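So this block is target11.tsv, TSV, C-alpha atoms:
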```tsv
chain	number	residue	atom	x	y	z
A	1	MET	CA	9.59	4.61	-16.46
A	2	THR	CA	6.69	6.21	-14.60
A	3	ARG	CA	6.08	9.80	-15.63
A	4	PHE	CA	3.30	12.12	-14.50
A	5	SER	CA	2.70	15.39	-16.33
A	6	CYS	CA	-0.61	16.82	-15.13
A	7	SER	CA	0.93	20.26	-15.59
A	8	LEU	CA	0.52	19.84	-19.34
A	9	CYS	CA	-3.26	19.79	-18.87
A	10	GLY	CA	-3.01	23.51	-18.12
A	11	ALA	CA	-2.82	23.98	-21.88
A	12	VAL	CA	-5.79	21.62	-22.37
A	13	TRP	CA	-7.83	23.70	-19.92
A	14	GLN	CA	-6.99	26.92	-21.72
A	15	LYS	CA	-8.00	25.40	-25.08
A	16	GLU	CA	-11.10	23.42	-24.14
A	17	GLY	CA	-12.23	24.94	-20.84
A	18	LYS	CA	-12.16	21.54	-19.13
A	19	THR	CA	-9.99	18.51	-18.53
A	20	ASN	CA	-10.76	14.82	-18.18
A	21	CYS	CA	-10.58	14.88	-14.40
A	22	TRP	CA	-12.89	17.93	-14.11
A	23	SER	CA	-15.73	16.75	-16.33
A	24	ASP	CA	-18.83	14.61	-16.21
A	25	PRO	CA	-17.52	11.23	-17.36
A	26	ALA	CA	-20.30	11.09	-19.97
A	27	GLY	CA	-18.86	14.06	-21.85
A	28	ALA	CA	-15.27	14.20	-20.71
A	29	PRO	CA	-12.42	14.78	-23.16
A	30	ALA	CA	-10.11	11.82	-23.67
A	31	LYS	CA	-7.40	11.12	-21.13
A	32	PRO	CA	-4.07	12.38	-22.42
A	33	ALA	CA	-1.20	9.93	-22.74
A	34	TYR	CA	0.48	11.37	-19.64
A	35	CYS	CA	-2.60	11.06	-17.38
A	36	PRO	CA	-1.78	9.19	-14.12
A	37	SER	CA	-5.18	7.49	-14.17
A	38	ARG	CA	-4.33	5.63	-17.37
A	39	GLU	CA	-2.03	3.14	-15.63
A	40	HIS	CA	-2.46	3.85	-11.92
A	41	MET	CA	-6.19	3.79	-11.29
A	42	ASP	CA	-5.72	1.04	-8.71
A	43	ALA	CA	-3.58	3.33	-6.57
A	44	ILE	CA	-6.08	6.17	-7.01
A	45	ASP	CA	-9.01	3.95	-5.99
A	46	GLU	CA	-7.17	2.48	-3.01
A	47	SER	CA	-6.23	5.94	-1.81
A	48	PHE	CA	-9.80	7.20	-2.17
A	49	ASP	CA	-11.11	4.29	-0.14
A	50	ILE	CA	-9.15	5.61	2.84
A	51	TYR	CA	-11.42	8.67	2.94
A	52	LYS	CA	-14.51	6.48	3.31
A	53	GLY	CA	-13.47	5.05	6.68
A	54	GLU	CA	-13.35	6.47	10.18
A	55	SER	CA	-9.63	7.20	10.42
A	56	GLU	CA	-8.11	10.61	11.13
A	57	ASP	CA	-7.17	10.84	7.45
A	58	ALA	CA	-10.77	10.21	6.46
A	59	LYS	CA	-12.04	12.90	8.81
A	60	ILE	CA	-9.49	15.41	7.53
A	61	ALA	CA	-10.48	14.65	3.93
A	62	ARG	CA	-14.20	15.09	4.63
A	63	VAL	CA	-13.76	18.29	6.61
A	64	ALA	CA	-11.40	19.73	3.98
A	65	THR	CA	-14.04	19.02	1.35
A	66	ARG	CA	-16.72	20.74	3.44
A	67	VAL	CA	-14.48	23.78	3.93
A	68	GLU	CA	-13.82	23.92	0.19
A	69	GLY	CA	-17.57	24.21	-0.37
A	70	LEU	CA	-17.97	26.83	2.34
A	71	CYS	CA	-15.30	28.98	0.68
A	72	TYR	CA	-17.71	29.91	-2.08
A	73	GLU	CA	-21.12	31.54	-2.31
A	74	HIS	CA	-23.56	30.95	-5.12
A	75	VAL	CA	-24.79	33.79	-7.31
A	76	SER	CA	-28.58	33.85	-7.40
A	77	GLY	CA	-29.98	32.96	-10.82
A	78	SER	CA	-26.64	31.80	-12.12
A	79	ASN	CA	-24.30	28.84	-11.95
A	80	ALA	CA	-21.44	31.16	-11.04
A	81	VAL	CA	-19.77	31.12	-7.63
A	82	HIS	CA	-17.73	33.73	-5.81
A	83	ALA	CA	-14.88	33.04	-3.40
A	84	ARG	CA	-15.67	34.59	-0.01
A	85	TRP	CA	-12.99	33.38	2.42
A	86	THR	CA	-9.31	34.10	2.85
A	87	ARG	CA	-6.84	31.36	3.74
A	88	VAL	CA	-6.96	32.52	7.36
A	89	GLU	CA	-10.73	31.96	7.39
A	90	ASP	CA	-10.31	28.58	5.66
A	91	THR	CA	-7.86	27.53	8.37
A	92	ILE	CA	-10.13	28.67	11.20
A	93	ALA	CA	-13.15	26.89	9.71
A	94	PHE	CA	-11.17	23.69	9.21
A	95	ALA	CA	-9.87	23.71	12.78
A	96	LYS	CA	-13.36	24.34	14.19
A	97	LEU	CA	-14.98	21.57	12.16
A	98	MET	CA	-12.20	19.18	13.20
A	99	GLY	CA	-12.85	20.04	16.85
A	100	TYR	CA	-9.30	21.22	17.44
A	101	GLY	CA	-8.39	23.33	20.48
A	102	LYS	CA	-4.61	23.83	20.65
A	103	ILE	CA	-3.12	25.35	17.51
A	104	GLY	CA	0.66	25.43	17.16
A	105	ILE	CA	2.44	28.02	15.04
A	106	ALA	CA	5.95	27.32	13.72
A	107	THR	CA	7.11	30.81	12.84
A	108	CYS	CA	10.07	32.43	11.17
A	109	ILE	CA	11.71	35.04	13.36
A	110	GLY	CA	11.17	37.55	10.56
A	111	LEU	CA	7.40	37.13	10.86
A	112	LEU	CA	6.88	37.47	14.61
A	113	ASP	CA	4.57	40.45	14.18
A	114	GLU	CA	2.41	38.57	11.69
A	115	THR	CA	2.43	35.55	13.99
A	116	ASN	CA	1.27	37.66	16.90
A	117	ARG	CA	-1.60	39.00	14.79
A	118	LEU	CA	-2.51	35.45	13.83
A	119	ALA	CA	-2.39	34.31	17.46
A	120	LEU	CA	-4.74	37.13	18.46
A	121	ILE	CA	-7.20	36.06	15.75
A	122	LEU	CA	-7.02	32.40	16.78
A	123	LYS	CA	-7.56	33.30	20.42
A	124	ALA	CA	-10.56	35.45	19.52
A	125	GLN	CA	-11.97	32.46	17.60
A	126	GLY	CA	-11.79	30.27	20.69
A	127	PHE	CA	-8.49	28.46	20.13
A	128	GLU	CA	-5.40	28.21	22.31
A	129	PRO	CA	-2.49	29.35	20.11
A	130	LEU	CA	1.09	28.34	20.91
A	131	SER	CA	4.00	29.66	18.85
A	132	VAL	CA	7.63	28.61	18.59
A	133	CYS	CA	10.27	30.65	16.74
A	134	CYS	CA	12.73	29.07	14.33
A	135	LYS	CA	15.75	30.48	16.21
A	136	SER	CA	14.73	29.16	19.64
A	137	GLY	CA	17.82	28.32	21.69
A	138	SER	CA	20.10	30.59	19.65
A	139	LYS	CA	22.41	27.89	18.29
A	140	ASP	CA	25.31	29.17	16.17
A	141	LYS	CA	25.08	28.35	12.44
A	142	LEU	CA	28.74	27.39	12.41
A	143	GLU	CA	27.91	24.35	14.55
A	144	LEU	CA	26.07	22.94	11.51
A	145	GLY	CA	29.35	22.73	9.66
A	146	VAL	CA	28.65	25.61	7.29
A	147	LYS	CA	31.29	28.20	6.48
A	148	GLU	CA	31.42	31.78	7.69
A	149	GLU	CA	30.74	33.00	4.15
A	150	ASP	CA	27.51	30.97	4.08
A	151	LYS	CA	25.94	33.32	6.62
A	152	VAL	CA	23.58	36.11	5.65
A	153	ARG	CA	26.00	38.56	7.27
A	154	PRO	CA	29.47	36.97	7.43
A	155	GLY	CA	31.53	38.01	10.45
A	156	THR	CA	28.53	38.34	12.76
A	157	PHE	CA	26.77	35.92	15.07
A	158	GLU	CA	23.83	34.23	13.39
A	159	PRO	CA	21.65	31.61	15.05
A	160	ALA	CA	20.59	28.61	12.97
A	161	CYS	CA	16.99	27.64	12.35
A	162	ASN	CA	15.92	24.60	14.35
A	163	PRO	CA	12.68	23.25	12.84
A	164	ILE	CA	12.97	19.84	14.52
A	165	ALA	CA	13.02	21.60	17.89
A	166	GLN	CA	9.96	23.61	16.85
A	167	ALA	CA	8.14	20.40	16.05
A	168	ARG	CA	9.23	18.62	19.22
A	169	LEU	CA	8.27	21.53	21.45
A	170	LEU	CA	4.82	21.70	19.90
A	171	ASN	CA	4.56	17.91	20.17
A	172	THR	CA	5.29	18.24	23.88
A	173	ALA	CA	2.58	20.88	24.16
A	174	GLY	CA	0.10	18.46	22.59
A	175	THR	CA	-1.11	20.68	19.77
A	176	ASP	CA	-3.99	19.41	17.64
A	177	MET	CA	-2.82	21.15	14.48
A	178	ASN	CA	0.28	23.12	13.51
A	179	ILE	CA	0.55	26.10	11.16
A	180	ILE	CA	3.72	27.05	9.31
A	181	VAL	CA	4.31	30.79	9.08
A	182	GLY	CA	7.23	31.59	6.79
A	183	LEU	CA	9.70	28.78	7.45
A	184	CYS	CA	12.56	28.49	4.97
A	185	VAL	CA	12.57	25.91	2.19
A	186	GLY	CA	13.88	22.69	3.73
A	187	HIS	CA	13.20	23.83	7.27
A	188	ASP	CA	9.49	23.53	6.49
A	189	MET	CA	10.12	19.95	5.33
A	190	LEU	CA	11.89	19.04	8.56
A	191	PHE	CA	9.15	20.62	10.65
A	192	SER	CA	6.41	18.74	8.80
A	193	LYS	CA	8.37	15.48	9.00
A	194	HIS	CA	8.80	15.68	12.77
A	195	SER	CA	5.43	17.16	13.74
A	196	ASP	CA	3.04	14.74	15.44
A	197	ALA	CA	0.06	16.96	14.61
A	198	PRO	CA	-1.21	17.61	11.06
A	199	VAL	CA	0.55	20.58	9.45
A	200	THR	CA	-0.80	23.28	7.17
A	201	THR	CA	1.07	26.23	5.67
A	202	LEU	CA	-0.37	29.72	5.98
A	203	VAL	CA	2.63	31.75	4.83
A	204	VAL	CA	5.26	30.59	2.33
A	205	LYS	CA	8.46	32.58	2.68
A	206	ASP	CA	9.43	34.61	-0.37
A	207	ARG	CA	11.58	37.56	0.59
A	208	VAL	CA	11.34	39.24	-2.83
A	209	THR	CA	7.62	39.01	-3.58
A	210	GLY	CA	6.23	39.79	-0.14
A	211	HIS	CA	5.64	36.07	0.52
A	212	ASN	CA	3.61	35.64	-2.67
A	213	PRO	CA	5.66	33.12	-4.67
A	214	VAL	CA	2.94	32.47	-7.24
A	215	SER	CA	3.61	35.96	-8.61
A	216	VAL	CA	6.80	34.53	-10.14
A	217	LEU	CA	4.71	32.08	-12.14
A	218	TYR	CA	2.44	34.84	-13.39
A	219	GLY	CA	5.47	36.88	-14.46
A	220	GLN	CA	7.37	34.22	-16.41
A	221	ASN	CA	6.94	35.99	-19.72
A	222	PHE	CA	8.42	39.15	-18.30
A	223	TYR	CA	10.62	39.68	-15.24
A	224	TYR	CA	11.11	36.04	-14.30
A	225	ARG	CA	11.53	34.63	-17.82
A	226	ARG	CA	15.19	34.07	-16.88
A	227	LEU	CA	14.11	31.10	-14.74
A	228	GLN	CA	13.33	29.19	-17.96
A	229	THR	CA	16.74	29.86	-19.51
A	230	GLN	CA	19.27	30.45	-16.73
A	231	PRO	CA	20.27	28.15	-13.87
A	232	VAL	CA	19.73	29.49	-10.37
A	233	ASP	CA	23.13	30.59	-9.03
A	234	THR	CA	23.85	28.75	-5.76
A	235	GLU	CA	27.14	30.56	-5.30
A	236	ARG	CA	27.48	33.91	-3.60
A	237	GLY	CA	26.05	36.63	-5.82
A	238	GLN	CA	23.03	37.61	-7.85
A	239	ASN	CA	21.39	35.93	-10.84
A	240	ALA	CA	22.10	37.76	-14.05
```
Any chance you could put this one into structure tokens?
Amino acid sequence: MTRFSCSLCGAVWQKEGKTNCWSDPAGAPAKPAYCPSREHMDAIDESFDIYKGESEDAKIARVATRVEGLCYEHVSGSNAVHARWTRVEDTIAFAKLMGYGKIGIATCIGLLDETNRLALILKAQGFEPLSVCCKSGSKDKLELGVKEEDKVRPGTFEPACNPIAQARLLNTAGTDMNIIVGLCVGHDMLFSKHSDAPVTTLVVKDRVTGHNPVSVLYGQNFYYRRLQTQPVDTERGQNA
């Protein structure tokens, strides 16, 4: 059975300050037993060869690598580097270096204000932003076959999210790149699956943490420790 467990190298990093994949091969620590490159180096090499060509994937890979370098500034007289760009700036730089013009935004209806602010920034940076809301068309959730009690507010009209329509509308508009702003889990998958243009995520929806889901990972030893011991309740109600 094929098993990958790169997550375990987090402990290696904490102990040794480096891992096999982030080291000069001459002095790298040994590959752990769970390292994907032990048995799947052929797949890794074949994938890397794609970036050496002239395909769209190759261009994206090269530009993404350039943007990664631009995100940092070197400290004079030191080997230290400081991050200098936000994700918004990363996204703008990537789109400019790719030569993109039309930028689509697939937005959650709960983040229309943030999307408008993003559109204003993109326009000021020379792009043509186009945004499509998840509730476009106002289709009733009940038509999906869900029950009344599955609604956020049972007994009221609630439109369903329609990420495939968001993708198709932006496809029709001929966007060069699409940005996800706060789509629900699953809806983001459908949007990415049906988008003709490359998709990046700017905002990941997390209603509790102010759209900062990584905070849950930082808080596992405290407030969110329950996630390691208790199943997430998919029925109506709150986790204990």
Would you list the contacts of A:Leu183 as a PDB file with C-alpha atoms, in the coordinates of the input, taking every protein, DNA or RNA residue within 12 Å and counting all atoms listed in the file, but skipping same-chain residues closer than 4 positions in sequence?
```
ATOM      1  CA  ILE A 105       2.440  28.020  15.040  1.00  0.00           C
ATOM      2  CA  ALA A 106       5.950  27.320  13.720  1.00  0.00           C
ATOM      3  CA  THR A 107       7.110  30.810  12.840  1.00  0.00           C
ATOM      4  CA  CYS A 108      10.070  32.430  11.170  1.00  0.00           C
ATOM      5  CA  ILE A 109      11.710  35.040  13.360  1.00  0.00           C
ATOM      6  CA  GLY A 110      11.170  37.550  10.560  1.00  0.00           C
ATOM      7  CA  LEU A 111       7.400  37.130  10.860  1.00  0.00           C
ATOM      8  CA  LEU A 112       6.880  37.470  14.610  1.00  0.00           C
ATOM      9  CA  THR A 115       2.430  35.550  13.990  1.00  0.00           C
ATOM     10  CA  VAL A 132       7.630  28.610  18.590  1.00  0.00           C
ATOM     11  CA  CYS A 133      10.270  30.650  16.740  1.00  0.00           C
ATOM     12  CA  CYS A 134      12.730  29.070  14.330  1.00  0.00           C
ATOM     13  CA  LYS A 135      15.750  30.480  16.210  1.00  0.00           C
ATOM     14  CA  CYS A 161      16.990  27.640  12.350  1.00  0.00           C
ATOM     15  CA  ASN A 162      15.920  24.600  14.350  1.00  0.00           C
ATOM     16  CA  PRO A 163      12.680  23.250  12.840  1.00  0.00           C
ATOM     17  CA  ILE A 164      12.970  19.840  14.520  1.00  0.00           C
ATOM     18  CA  GLN A 166       9.960  23.610  16.850  1.00  0.00           C
ATOM     19  CA  ILE A 179       0.550  26.100  11.160  1.00  0.00           C
ATOM     20  CA  HIS A 187      13.200  23.830   7.270  1.00  0.00           C
ATOM     21  CA  ASP A 188       9.490  23.530   6.490  1.00  0.00           C
ATOM     22  CA  MET A 189      10.120  19.950   5.330  1.00  0.00           C
ATOM     23  CA  LEU A 190      11.890  19.040   8.560  1.00  0.00           C
ATOM     24  CA  PHE A 191       9.150  20.620  10.650  1.00  0.00           C
ATOM     25  CA  SER A 192       6.410  18.740   8.800  1.00  0.00           C
ATOM     26  CA  THR A 200      -0.800  23.280   7.170  1.00  0.00           C
ATOM     27  CA  THR A 201       1.070  26.230   5.670  1.00  0.00           C
ATOM     28  CA  LEU A 202      -0.370  29.720   5.980  1.00  0.00           C
ATOM     29  CA  VAL A 203       2.630  31.750   4.830  1.00  0.00           C
ATOM     30  CA  VAL A 204       5.260  30.590   2.330  1.00  0.00           C
ATOM     31  CA  LYS A 205       8.460  32.580   2.680  1.00  0.00           C
ATOM     32  CA  ASP A 206       9.430  34.610  -0.370  1.00  0.00           C
ATOM     33  CA  ARG A 207      11.580  37.560   0.590  1.00  0.00           C
ATOM     34  CA  HIS A 211       5.640  36.070   0.520  1.00  0.00           C
TER      35      HIS A 211
END
```
**Prompt:** A:Val12, A:Trp85, A:Thr91, A:Met41: which is nearest A:Val63, counting all atoms listed in the file?
**Reply:**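 Result for the nearest residue to A:Val63: A:Thr91.
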**d(atom CA of A:Ala30, atom CA of A:Ala43) in Å** =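 Computing it gives 20.2 Å between the two atoms.
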**Request:** Rounded to one decimal place, report the atom CA of A:Glu46-atom CA of A:Lys59 distance in Å.
**Result:**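 Distance reported for this atom pair: 16.5 Å.
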**Request:** Can you work out the spacing between atom CA of A:Asp45 and atom CA of A:Lys18 in Å, to one decimal?
**Result:**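 Calculated distance between atom CA of A:Asp45 and atom CA of A:Lys18 is 22.2 Å.
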**stretch 140-143 of chain A surroundings by all atoms listed in the file, 10 Å radius, close-in-sequence under 5 positions cut, as a list in words** =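 Once the adjacent positions are removed, what remains is Lys135, Glu148, Asp150, Lys151, Phe157, Glu158, Pro159, Ala160 and Cys161 of chain A.
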**Asked** So, counting only C-alpha atoms, which residue among A:Gly53, A:Pro213, A:Gly219, A:Gly126 is closest to A:Ala93?
**Response**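 Checking each of A:Gly53, A:Pro213, A:Gly219, A:Gly126 against A:Ala93, counting only C-alpha atoms, the winner is A:Gly126.
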Fewer than 5 positions away in the same chain doesn't count, so skip those; otherwise give me all residues within 10 Å of A:Glu89, counting all atoms listed in the file, as a CSV table (one decimal) with C-alpha atoms, keeping the file's coordinate frame.
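Wrote out-v4.csv, looks like this:
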```csv
chain,number,residue,atom,x,y,z
A,67,VAL,CA,-14.5,23.8,3.9
A,71,CYS,CA,-15.3,29.0,0.7
A,84,ARG,CA,-15.7,34.6,0.0
A,94,PHE,CA,-11.2,23.7,9.2
A,95,ALA,CA,-9.9,23.7,12.8
A,121,ILE,CA,-7.2,36.1,15.8
```
**Among listed residues A:Val185, A:Pro154, A:Lys147, A:Leu130, nearest A:Leu170 (using only C-alpha atoms)** =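 Answer, going by the shortest atom-to-atom distance: A:Leu130.
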Would you pick out the contacts of A:Glu73 at 7 Å or less, using all atoms listed in the file, so that residues sharing its chain but fewer than 6 positions from it are not included, and give the list as a compact mmCIF listing (two decimals) with C-alpha atoms, keeping the file's coordinate frame?
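around_7.txt, freshly written:
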```
# COMPACT_ATOMS: atom_id res chain seq x y z
CA VAL A 81 -19.77 31.12 -7.63
CA HIS A 82 -17.73 33.73 -5.81
CA ALA A 83 -14.88 33.04 -3.40
CA ARG A 84 -15.67 34.59 -0.01
```
